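Visitor: Sharing query.txt (compact mmCIF, C-alpha atoms) below.
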# COMPACT_ATOMS: atom_id res chain seq x y z
CA MET N 1 -112.06 -66.99 81.49
CA LYS N 2 -114.16 -63.97 80.45
CA HIS N 3 -115.01 -63.34 84.12
CA LYS N 4 -111.32 -63.38 85.02
CA ASN N 5 -110.50 -60.86 82.27
CA ASN N 6 -113.20 -58.50 83.55
CA LYS N 7 -111.71 -58.75 87.02
CA ILE N 8 -108.22 -57.84 85.75
CA LEU N 9 -109.72 -54.98 83.74
CA ALA N 10 -111.56 -53.68 86.81
CA ILE N 11 -108.40 -53.81 88.96
CA PHE N 12 -106.45 -52.04 86.23
CA ALA N 13 -109.13 -49.32 85.92
CA VAL N 14 -109.19 -48.75 89.71
CA ALA N 15 -105.37 -48.53 89.78
CA LEU N 16 -105.41 -46.06 86.89
CA ILE N 17 -108.06 -43.85 88.52
CA GLY N 18 -106.13 -44.02 91.81
CA PHE N 19 -102.92 -42.99 90.06
CA ILE N 20 -104.59 -40.05 88.29
CA VAL N 21 -106.28 -38.85 91.52
CA PHE N 22 -103.02 -39.20 93.46
CA SER N 23 -100.86 -37.46 90.85
CA THR N 24 -103.25 -34.51 90.49
CA SER N 25 -103.72 -34.11 94.25
CA SER N 26 -99.96 -34.22 94.96
CA MET N 27 -99.30 -31.41 92.47
CA ALA N 28 -99.75 -28.06 94.20
CA ASP N 29 -101.43 -25.10 92.56
CA VAL N 30 -99.41 -21.90 92.76
CA THR N 31 -100.77 -18.40 92.10
CA VAL N 32 -98.29 -15.52 92.03
CA ASP N 33 -98.94 -11.80 92.52
CA ILE N 34 -96.34 -9.11 92.01
CA ILE N 35 -96.78 -5.55 93.28
CA PRO N 36 -96.40 -3.35 91.31
CA VAL N 37 -97.59 -5.31 88.31
CA LYS N 38 -95.15 -3.40 86.06
CA PRO N 39 -92.14 -2.56 88.20
CA SER N 40 -89.52 0.05 87.32
CA PRO N 41 -85.77 -0.66 87.35
CA GLU N 42 -84.23 -0.59 90.85
CA GLU N 43 -87.68 -0.57 92.47
CA THR N 44 -88.59 -2.77 95.44
CA ILE N 45 -91.24 -5.33 94.54
CA GLU N 46 -93.38 -7.58 96.69
CA ILE N 47 -93.90 -11.07 95.35
CA THR N 48 -96.59 -13.30 96.90
CA ALA N 49 -97.20 -16.97 96.13
CA LYS N 50 -100.44 -18.69 97.16
CA ILE N 51 -99.84 -22.44 97.35
CA THR N 52 -102.64 -24.98 97.69
CA ASP N 53 -100.45 -27.78 99.04
CA GLU N 54 -100.75 -28.18 102.82
CA ASN N 55 -97.35 -29.81 103.32
CA VAL N 56 -95.11 -26.97 102.21
CA THR N 57 -91.88 -26.75 104.22
CA ALA N 58 -90.08 -23.97 102.29
CA VAL N 59 -90.64 -21.66 99.34
CA TYR N 60 -87.99 -19.89 97.30
CA VAL N 61 -88.11 -17.53 94.37
CA GLU N 62 -85.41 -17.64 91.74
CA LEU N 63 -85.20 -14.26 90.04
CA GLN N 64 -83.24 -12.95 87.10
CA GLU N 65 -83.17 -9.49 85.53
CA CYS N 66 -82.54 -9.01 81.82
CA ASN N 67 -82.11 -6.24 79.29
CA GLY N 68 -84.05 -7.20 76.18
CA ASN N 69 -82.35 -4.52 74.06
CA THR N 70 -78.74 -5.51 74.65
CA GLY N 71 -79.43 -9.18 75.40
CA ILE N 72 -77.84 -9.27 78.85
CA CYS N 73 -79.17 -11.17 81.89
CA TYR N 74 -78.19 -10.99 85.55
CA SER N 75 -78.87 -13.73 88.07
CA GLN N 76 -79.85 -13.40 91.72
CA GLU N 77 -79.51 -16.09 94.34
CA ASN N 78 -82.50 -18.10 95.57
CA ILE N 79 -84.57 -15.77 97.73
CA THR N 80 -86.46 -17.29 100.65
CA MET N 81 -90.17 -16.48 100.82
CA THR N 82 -91.60 -16.25 104.32
CA GLY N 83 -94.96 -17.71 105.33
CA MET N 84 -97.86 -15.36 106.03
CA ILE N 85 -101.48 -16.36 106.66
CA GLY N 86 -102.25 -19.94 105.64
CA ASN N 87 -100.28 -20.95 102.59
CA GLU N 88 -99.35 -17.50 101.36
CA PHE N 89 -95.64 -16.84 101.08
CA THR N 90 -94.12 -13.46 100.39
CA SER N 91 -90.81 -11.76 99.76
CA SER N 92 -89.73 -8.18 99.27
CA ILE N 93 -87.03 -7.85 96.62
CA THR N 94 -85.13 -4.76 95.53
CA LEU N 95 -84.31 -4.87 91.83
CA THR N 96 -80.67 -4.00 91.32
CA HIS N 97 -80.03 -3.34 87.64
CA ASP N 98 -80.86 0.09 86.24
CA ASP N 99 -80.51 -1.14 82.64
CA ALA N 100 -82.88 -4.13 82.98
CA THR N 101 -86.09 -4.14 80.92
CA TYR N 102 -87.73 -7.26 82.37
CA LEU N 103 -87.44 -9.83 85.12
CA GLN N 104 -88.22 -13.52 85.11
CA TYR N 105 -88.98 -15.71 88.07
CA THR N 106 -89.50 -19.34 89.07
CA ILE N 107 -91.19 -20.41 92.30
CA ILE N 108 -89.51 -23.38 94.01
CA VAL N 109 -91.66 -25.26 96.52
CA GLN N 110 -90.33 -27.81 98.98
CA THR N 111 -92.78 -30.36 100.39
CA ASP N 112 -92.46 -33.73 102.14
CA GLN N 113 -92.16 -35.26 98.68
CA GLY N 114 -89.25 -33.06 97.54
CA TRP N 115 -88.73 -30.01 95.34
CA ALA N 116 -90.95 -28.78 92.56
CA GLU N 117 -90.70 -25.77 90.24
CA TYR N 118 -93.73 -23.66 89.36
CA ASN N 119 -94.28 -20.76 86.93
CA LYS N 120 -90.85 -21.50 85.46
CA ASP N 121 -89.13 -18.43 83.93
CA THR N 122 -92.29 -16.31 83.97
CA LYS N 123 -91.49 -12.97 82.38
CA VAL N 124 -92.58 -9.59 83.85
CA ASP N 125 -91.91 -6.48 81.75
CA TYR N 126 -90.71 -3.30 83.43
CA GLU N 127 -92.31 0.10 83.16
CA ILE N 128 -89.64 1.99 81.26
CA SER N 129 -90.01 5.78 81.17
CA ALA N 130 -89.53 7.28 77.70
CA PRO N 131 -86.32 9.25 77.13
CA ASN N 132 -86.90 13.04 77.29
CA ASN N 133 -84.47 13.92 74.46
CA GLY N 134 -82.31 16.13 76.67
CA ASN N 135 -85.14 18.42 77.80
CA THR N 136 -84.97 17.96 81.52
CA ASP N 137 -87.63 19.23 83.90
CA ASP N 138 -85.00 21.56 85.41
CA ASP N 139 -84.68 23.43 82.13
CA ASN N 140 -88.42 23.99 81.88
CA ASN N 141 -89.23 25.00 85.44
CA THR N 142 -86.26 26.85 86.97
CA PRO N 143 -85.68 30.50 85.97
CA GLY N 144 -82.20 30.37 87.58
CA PHE N 145 -79.43 32.23 85.81
CA GLU N 146 -81.66 34.16 83.37
CA PHE N 147 -83.75 35.64 86.20
CA VAL N 148 -80.67 36.79 88.16
CA ALA N 149 -79.20 38.44 85.04
CA LEU N 150 -82.50 40.25 84.37
CA ALA N 151 -82.72 41.51 87.98
CA LEU N 152 -79.12 42.76 87.88
CA SER N 153 -79.76 44.59 84.56
CA ILE N 154 -82.85 46.34 86.00
CA MET N 155 -80.91 47.39 89.10
CA PHE N 156 -78.00 48.69 86.98
CA ILE N 157 -80.27 50.72 84.64
CA SER N 158 -82.22 52.11 87.63
CA LEU N 159 -78.94 53.26 89.21
CA ILE N 160 -77.80 55.05 86.01
CA LEU N 161 -81.22 56.78 85.63
CA TYR N 162 -81.19 57.81 89.31
CA ARG N 163 -77.66 59.33 88.96
CA ARG N 164 -78.63 61.18 85.72
CA LYS N 165 -81.67 62.71 87.43
CA ARG N 166 -79.47 64.03 90.22
CA MET L 1 -6.27 -44.48 82.63
CA LYS L 2 -7.38 -47.34 80.45
CA LYS L 3 -8.93 -46.69 77.06
CA SER L 4 -12.19 -48.51 78.01
CA GLN L 5 -12.48 -46.45 81.22
CA ILE L 6 -12.15 -43.20 79.27
CA LEU L 7 -14.84 -44.39 76.83
CA THR L 8 -17.26 -45.32 79.64
CA THR L 9 -16.70 -42.00 81.42
CA SER L 10 -17.24 -39.98 78.25
CA LEU L 11 -20.38 -42.02 77.47
CA ILE L 12 -21.83 -41.31 80.93
CA ILE L 13 -21.01 -37.60 80.59
CA THR L 14 -22.66 -37.51 77.13
CA ILE L 15 -25.81 -39.21 78.51
CA LEU L 16 -25.97 -36.79 81.44
CA ILE L 17 -25.55 -33.73 79.19
CA THR L 18 -28.18 -34.99 76.72
CA THR L 19 -30.67 -35.75 79.53
CA GLY L 20 -30.04 -32.33 81.06
CA LEU L 21 -30.55 -30.59 77.73
CA LEU L 22 -33.76 -32.50 77.01
CA SER L 23 -35.24 -31.82 80.43
CA GLY L 24 -34.20 -28.18 79.98
CA CYS L 25 -36.13 -28.08 76.69
CA THR L 26 -39.27 -29.48 78.32
CA THR L 27 -39.12 -27.02 81.17
CA SER L 28 -38.52 -24.09 78.87
CA THR L 29 -41.61 -25.03 76.80
CA ASN L 30 -43.85 -24.86 79.90
CA GLU L 31 -42.19 -21.68 81.06
CA ASN L 32 -42.92 -20.03 77.71
CA ASP L 33 -46.62 -20.78 78.03
CA ASN L 34 -47.85 -17.62 79.69
CA GLY L 35 -51.41 -18.12 78.51
CA GLU L 36 -54.46 -18.37 80.70
CA ASN L 37 -55.67 -21.69 81.96
CA PHE L 38 -58.75 -22.94 83.77
CA LYS L 39 -60.35 -26.29 84.40
CA PHE L 40 -63.96 -27.22 83.74
CA ALA L 41 -66.15 -30.33 83.73
CA LEU L 42 -67.40 -31.87 80.51
CA LEU L 43 -70.90 -33.35 80.34
CA ASP L 44 -69.50 -36.91 80.34
CA GLY L 45 -67.99 -36.28 83.77
CA THR L 46 -64.38 -35.86 82.66
CA THR L 47 -62.34 -32.71 83.18
CA ALA L 48 -60.85 -30.48 80.50
CA GLU L 49 -58.61 -27.42 80.54
CA LEU L 50 -58.24 -24.36 78.37
CA ASN L 51 -54.66 -25.31 77.53
CA ASP L 52 -55.98 -28.49 75.84
CA TYR L 53 -56.97 -26.10 73.02
CA ARG L 54 -53.65 -24.25 72.55
CA GLY L 55 -52.92 -23.40 68.92
CA LYS L 56 -56.53 -22.39 68.19
CA ILE L 57 -58.57 -19.27 68.73
CA VAL L 58 -60.91 -20.16 71.60
CA ILE L 59 -64.26 -18.52 72.29
CA LEU L 60 -65.38 -18.97 75.88
CA ASP L 61 -69.16 -18.54 76.07
CA LEU L 62 -70.57 -18.22 79.60
CA TRP L 63 -74.27 -19.01 79.78
CA ALA L 64 -77.23 -20.50 81.72
CA THR L 65 -80.36 -22.35 80.54
CA TRP L 66 -82.75 -19.73 81.98
CA CYS L 67 -81.06 -16.95 79.97
CA SER L 68 -83.04 -16.36 76.74
CA PRO L 69 -80.35 -14.11 75.19
CA CYS L 70 -77.86 -16.95 75.78
CA GLN L 71 -80.04 -19.22 73.63
CA TYR L 72 -79.95 -16.60 70.89
CA GLN L 73 -76.17 -16.38 71.29
CA MET L 74 -75.91 -20.15 70.69
CA LEU L 75 -77.51 -19.73 67.26
CA GLU L 76 -74.92 -17.10 66.34
CA LEU L 77 -72.07 -19.25 67.69
CA LYS L 78 -73.35 -22.14 65.55
CA LYS L 79 -72.77 -19.99 62.44
CA ALA L 80 -69.19 -19.34 63.59
CA TYR L 81 -68.63 -23.03 64.35
CA GLU L 82 -69.79 -24.01 60.87
CA THR L 83 -67.79 -21.28 59.09
CA TYR L 84 -64.33 -21.94 60.53
CA SER L 85 -62.06 -24.99 60.64
CA ARG L 86 -61.47 -26.83 63.92
CA ASP L 87 -57.76 -26.10 63.38
CA ASP L 88 -58.51 -22.41 63.78
CA LEU L 89 -61.46 -22.09 66.13
CA GLU L 90 -62.93 -23.90 69.10
CA ILE L 91 -65.95 -22.87 71.17
CA LEU L 92 -66.34 -23.70 74.86
CA SER L 93 -69.85 -23.04 76.16
CA ILE L 94 -69.60 -23.25 79.94
CA ASN L 95 -72.72 -23.12 82.08
CA VAL L 96 -72.17 -20.78 85.03
CA GLU L 97 -75.39 -21.48 86.98
CA SER L 98 -74.46 -23.72 89.90
CA ARG L 99 -78.11 -24.78 90.32
CA GLU L 100 -78.19 -26.33 86.84
CA SER L 101 -77.15 -29.95 86.50
CA ASN L 102 -75.75 -31.91 83.56
CA THR L 103 -79.29 -33.19 82.93
CA ASP L 104 -80.58 -29.60 82.67
CA ILE L 105 -77.86 -28.83 80.13
CA GLU L 106 -78.57 -32.02 78.16
CA ASN L 107 -82.32 -31.24 78.11
CA PHE L 108 -81.47 -27.77 76.86
CA LEU L 109 -79.34 -29.21 74.03
CA ASN L 110 -82.06 -31.73 73.17
CA GLN L 111 -84.53 -28.88 72.71
CA PHE L 112 -82.21 -27.40 70.06
CA GLU L 113 -81.87 -30.82 68.43
CA GLU L 114 -85.65 -31.08 68.11
CA TYR L 115 -85.49 -28.05 65.82
CA ASP L 116 -82.54 -29.54 63.87
CA TYR L 117 -80.04 -27.24 65.55
CA ASP L 118 -77.25 -29.54 66.66
CA LEU L 119 -74.86 -27.68 68.91
CA GLU L 120 -71.78 -29.84 68.49
CA TRP L 121 -69.04 -27.90 70.19
CA VAL L 122 -67.68 -28.30 73.73
CA PHE L 123 -70.25 -27.93 76.52
CA GLY L 124 -69.39 -28.00 80.20
CA ASN L 125 -69.83 -26.52 83.64
CA GLU L 126 -68.07 -26.15 86.99
CA ILE L 127 -65.48 -23.68 85.75
CA ASP L 128 -62.87 -22.51 88.30
CA ASP L 129 -63.39 -18.76 88.11
CA THR L 130 -65.29 -16.69 85.58
CA LYS L 131 -64.82 -13.15 86.91
CA LYS L 132 -61.54 -12.50 85.13
CA TYR L 133 -62.99 -13.59 81.80
CA LYS L 134 -65.96 -11.23 81.99
CA GLN L 135 -65.95 -7.63 80.82
CA LYS L 136 -66.52 -6.59 84.46
CA PRO L 137 -66.57 -9.04 87.38
CA ASP L 138 -70.32 -8.48 87.87
CA SER L 139 -71.22 -8.44 84.16
CA GLY L 140 -74.19 -10.51 83.16
CA ILE L 141 -74.51 -13.29 80.58
CA PRO L 142 -74.11 -14.24 77.77
CA SER L 143 -70.49 -13.32 78.18
CA ILE L 144 -67.89 -13.96 75.49
CA CYS L 145 -64.13 -14.08 75.94
CA PHE L 146 -61.66 -14.67 73.09
CA PHE L 147 -58.29 -16.34 73.71
CA ASP L 148 -55.54 -16.24 71.10
CA ARG L 149 -53.61 -19.32 69.98
CA ASN L 150 -51.31 -18.93 73.01
CA GLY L 151 -54.20 -18.72 75.46
CA GLU L 152 -54.01 -15.00 76.11
CA VAL L 153 -57.20 -13.01 76.57
CA ILE L 154 -57.64 -10.77 73.54
CA PHE L 155 -61.27 -9.66 73.68
CA LYS L 156 -64.21 -9.63 76.10
CA HIS L 157 -67.84 -8.89 75.43
CA VAL L 158 -71.11 -8.96 77.34
CA GLY L 159 -74.52 -9.34 75.74
CA VAL L 160 -75.55 -11.03 72.51
CA MET L 161 -72.94 -10.79 69.76
CA MET L 162 -74.27 -11.32 66.25
CA PHE L 163 -72.23 -13.38 63.76
CA ASP L 164 -72.10 -11.27 60.61
CA GLU L 165 -75.38 -9.39 60.36
CA LEU L 166 -77.33 -7.13 62.70
CA PRO L 167 -81.09 -7.73 62.73
CA GLU L 168 -83.36 -4.82 61.89
CA GLY L 169 -83.93 -2.50 64.84
CA TRP L 170 -80.99 -3.96 66.78
CA THR L 171 -80.06 -1.66 69.67
CA GLY L 172 -77.35 -3.80 71.26
CA ASP L 173 -73.60 -3.74 70.68
CA GLU L 174 -72.72 -3.75 66.98
CA THR L 175 -69.43 -5.67 67.22
CA LEU L 176 -69.69 -8.75 65.02
CA LEU L 177 -68.32 -12.19 65.87
CA LYS L 178 -67.05 -12.77 62.33
CA GLU L 179 -65.08 -9.52 62.24
CA LYS L 180 -63.35 -10.41 65.49
CA ILE L 181 -62.63 -14.05 64.54
CA ASP L 182 -61.18 -12.98 61.16
CA GLU L 183 -59.03 -10.37 62.88
CA PHE L 184 -57.67 -12.84 65.44
CA ILE L 185 -57.12 -15.70 62.99
CA ILE L 186 -54.95 -13.47 60.77
CA GLN L 187 -52.87 -12.19 63.71
Kindly transcribe the structure held in the file into structure tokens.
Guide:
Amino acid sequence: MKHKNNKILAIFAVALIGFIVFSTSSMADVTVDIIPVKPSPEETIEITAKITDENVTAVYVELQECNGNTGICYSQENITMTGMIGNEFTSSITLTHDDATYLQYTIIVQTDQGWAEYNKDTKVDYEISAPNNGNTDDDNNTPGFEFVALALSIMFISLILYRRKR
Amino acid sequence: MKKSQILTTSLIITILITTGLLSGCTTSTNENDNGENFKFALLDGTTAELNDYRGKIVILDLWATWCSPCQYQMLELKKAYETYSRDDLEILSINVESRESNTDIENFLNQFEEYDYDLEWVFGNEIDDTKKYKQKPDSGIPSICFFDRNGEVIFKHVGVMMFDELPEGWTGDETLLKEKIDEFIIQ
């Protein structure tokens, strides 16, 4: 009886180990790189996903842009990522909302076994340039109107002095 | 003409007139309803319409599970839902992300429940058309649209709308849900 119990226990242990090995091996590992790391609004970004699974048939990225100050989000359709070398997939995406302060993405991987989501709703903050309080670069660097007025004044005074001398 | 014949004829005429008047009344009621209407799916698989909620102020909340500001909006809507009577106010939170299933929505609601935030109002998806109920057709979410008791659009808003208090450092729109609901309930 004791011998039989040990046998059942052994079979159960083997099945459990097999299940753990199978479940961990069937789950792909996905590493994502975004260039630039801190994108600016309306910039074009390159998103690359390195996937360890050999049986990948398609990869998509689901991307949303949000404004954290006003609490507004905009959705984009699923974007297909194209295969590069080995199991690297990439996509070039132009961000479309000038008021967005961050994006979030999810990588969707299709294999023989179906769909799986990775890095769900991963947030990437934007590089937001500080407001310049109305002092534009144009004001600081261009002499413009003031210079023309000064030149005209000098010419006018020179003309009067020249006429007086005569 | 016999007396009984006259009686029968007048009875038939009376019935015809009454039927005509009644059908006229029914038609005129529908004709007077110039409010908006749209269909949407409830989470139990049945279909509902906006005009099921005539006689109440209706807040249409367009959202998606991936949208963090939409989650915040739900907490503010909960305050509104608990403050006003169901005779006055109804909230319809309609998911606008076609990739999200009923299970996704139910999982989302369960997450709120885990923190003792029961969102008990109407949740659905598969709405006919959302563009006309957004501030601009391409506006983002959360998007709020108020309908009056007759189903007419009376206010649209995009972005999180606080209930009655703005948090410190808030840089979003300062229009408050409570102010708007009070205004529309009195009207």
Visitor: Calculate how many Å separate CA of Glu77 (chain N) from CA of Val61 (chain N), rounding to one decimal.
Guide: 8.7 Å
Visitor: Compile a residue-level contact table for chain L against chain N at a cut-off of 8 Å, reporting for every qualifying residue the shortest atom pair and its distance in Å to one decimal, with only C-alpha atoms counted, rows ordered by chain and ascending number, as JSON lines.
Guide:
{"residue": "L:Trp66", "atom": "CA", "partner": "N:Asp121", "partner_atom": "CA", "distance": 6.8}
{"residue": "L:Cys67", "atom": "CA", "partner": "N:Cys73", "partner_atom": "CA", "distance": 6.4}
{"residue": "L:Pro69", "atom": "CA", "partner": "N:Gly71", "partner_atom": "CA", "distance": 5.0}
{"residue": "L:Cys70", "atom": "CA", "partner": "N:Gly71", "partner_atom": "CA", "distance": 7.9}
{"residue": "L:Ser139", "atom": "CA", "partner": "N:Tyr74", "partner_atom": "CA", "distance": 7.6}
{"residue": "L:Gly140", "atom": "CA", "partner": "N:Tyr74", "partner_atom": "CA", "distance": 4.7}
{"residue": "L:Ile141", "atom": "CA", "partner": "N:Cys73", "partner_atom": "CA", "distance": 5.3}
{"residue": "L:Pro142", "atom": "CA", "partner": "N:Ile72", "partner_atom": "CA", "distance": 6.3}
{"residue": "L:Val158", "atom": "CA", "partner": "N:Ile72", "partner_atom": "CA", "distance": 6.9}
{"residue": "L:Gly159", "atom": "CA", "partner": "N:Ile72", "partner_atom": "CA", "distance": 4.5}
{"residue": "L:Val160", "atom": "CA", "partner": "N:Gly71", "partner_atom": "CA", "distance": 5.2}
{"residue": "L:Trp170", "atom": "CA", "partner": "N:Asn69", "partner_atom": "CA", "distance": 7.4}
{"residue": "L:Thr171", "atom": "CA", "partner": "N:Asn69", "partner_atom": "CA", "distance": 5.7}
{"residue": "L:Gly172", "atom": "CA", "partner": "N:Thr70", "partner_atom": "CA", "distance": 4.0}
{"residue": "L:Asp173", "atom": "CA", "partner": "N:Thr70", "partner_atom": "CA", "distance": 6.7}
Visitor: What is the distance, in Å and to one decimal place, between CA of Gly35 (chain L) and CA of Lys132 (chain L)?
Guide: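 About the pair CA of Gly35 (chain L) and CA of Lys132 (chain L): they are 13.3 Å apart.
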Visitor: Please return as number ranges by chain every residue within 12 Å of (-91.1, -25.2, 104.6), taking into account all atoms listed in the file and the file's own coordinates.
Guide: N: 51, 53-60, 80-83, 87-89, 108-115
Visitor: What would the list of residues within 9 Å of (-60.6, -9.8, 75.1) (file frame) look like as a PyMOL selection string, if all atoms listed in the file are what count?
Guide: chain L and resi 133-135+144-147+152-157
Visitor: Interatomic distance between CA of Arg149 (chain L) and CA of Asp129 (chain L)?
Guide: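 These two atoms are separated by 20.6 Å.
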Visitor: When you count all atoms listed in the file, which of these residues is closest to Thr65 (chain L): L:Glu120, L:Asp52, L:Glu100, L:Asp87?
Guide: L:Glu100
Visitor: Name the residues in contact with Tyr53 (chain L) at a cut-off of 12 Å, using all atoms listed in the file, excluding same-chain residues fewer than 5 positions from it; report them as a PDB file with C-alpha atoms, in the frame of the given file.
Guide:
ATOM      1  CA  GLY L  35     -51.410 -18.120  78.510  1.00  0.00           C
ATOM      2  CA  GLU L  36     -54.460 -18.370  80.700  1.00  0.00           C
ATOM      3  CA  ASN L  37     -55.670 -21.690  81.960  1.00  0.00           C
ATOM      4  CA  PHE L  38     -58.750 -22.940  83.770  1.00  0.00           C
ATOM      5  CA  LYS L  39     -60.350 -26.290  84.400  1.00  0.00           C
ATOM      6  CA  ALA L  48     -60.850 -30.480  80.500  1.00  0.00           C
ATOM      7  CA  VAL L  58     -60.910 -20.160  71.600  1.00  0.00           C
ATOM      8  CA  ILE L  59     -64.260 -18.520  72.290  1.00  0.00           C
ATOM      9  CA  LEU L  60     -65.380 -18.970  75.880  1.00  0.00           C
ATOM     10  CA  ARG L  86     -61.470 -26.830  63.920  1.00  0.00           C
ATOM     11  CA  ASP L  87     -57.760 -26.100  63.380  1.00  0.00           C
ATOM     12  CA  ASP L  88     -58.510 -22.410  63.780  1.00  0.00           C
ATOM     13  CA  LEU L  89     -61.460 -22.090  66.130  1.00  0.00           C
ATOM     14  CA  GLU L  90     -62.930 -23.900  69.100  1.00  0.00           C
ATOM     15  CA  ILE L  91     -65.950 -22.870  71.170  1.00  0.00           C
ATOM     16  CA  LEU L  92     -66.340 -23.700  74.860  1.00  0.00           C
ATOM     17  CA  VAL L 122     -67.680 -28.300  73.730  1.00  0.00           C
ATOM     18  CA  PHE L 147     -58.290 -16.340  73.710  1.00  0.00           C
ATOM     19  CA  ASP L 148     -55.540 -16.240  71.100  1.00  0.00           C
ATOM     20  CA  ARG L 149     -53.610 -19.320  69.980  1.00  0.00           C
ATOM     21  CA  ASN L 150     -51.310 -18.930  73.010  1.00  0.00           C
ATOM     22  CA  GLY L 151     -54.200 -18.720  75.460  1.00  0.00           C
ATOM     23  CA  GLU L 152     -54.010 -15.000  76.110  1.00  0.00           C
TER      24      GLU L 152
END
Visitor: Can you fill out region 67-78 of chain N with N, CA and C atoms and hand it back as a compact mmCIF listing (two decimals), in the coordinates of the input?
Guide:
# COMPACT_ATOMS: atom_id res chain seq x y z
N ASN N 67 -81.92 -7.37 80.18
CA ASN N 67 -82.11 -6.24 79.29
C ASN N 67 -82.40 -6.80 77.90
N GLY N 68 -83.63 -6.63 77.46
CA GLY N 68 -84.05 -7.20 76.18
C GLY N 68 -83.43 -6.49 74.99
N ASN N 69 -82.93 -5.27 75.18
CA ASN N 69 -82.35 -4.52 74.06
C ASN N 69 -80.91 -4.94 73.78
N THR N 70 -80.15 -5.14 74.84
CA THR N 70 -78.74 -5.51 74.65
C THR N 70 -78.52 -7.02 74.76
N GLY N 71 -79.55 -7.73 75.24
CA GLY N 71 -79.43 -9.18 75.40
C GLY N 71 -78.47 -9.56 76.51
N ILE N 72 -78.68 -8.93 77.70
CA ILE N 72 -77.84 -9.27 78.85
C ILE N 72 -78.76 -9.67 80.01
N CYS N 73 -78.40 -10.73 80.72
CA CYS N 73 -79.17 -11.17 81.89
C CYS N 73 -78.28 -11.23 83.13
N TYR N 74 -78.89 -10.93 84.27
CA TYR N 74 -78.19 -10.99 85.55
C TYR N 74 -78.96 -11.93 86.47
N SER N 75 -78.21 -12.76 87.18
CA SER N 75 -78.87 -13.73 88.07
C SER N 75 -78.85 -13.24 89.51
N GLN N 76 -79.85 -13.62 90.27
CA GLN N 76 -79.85 -13.40 91.72
C GLN N 76 -79.91 -14.76 92.38
N GLU N 77 -79.47 -14.83 93.60
CA GLU N 77 -79.51 -16.09 94.34
C GLU N 77 -80.96 -16.47 94.65
N ASN N 78 -81.17 -17.69 95.11
CA ASN N 78 -82.50 -18.10 95.57
C ASN N 78 -82.92 -17.21 96.74
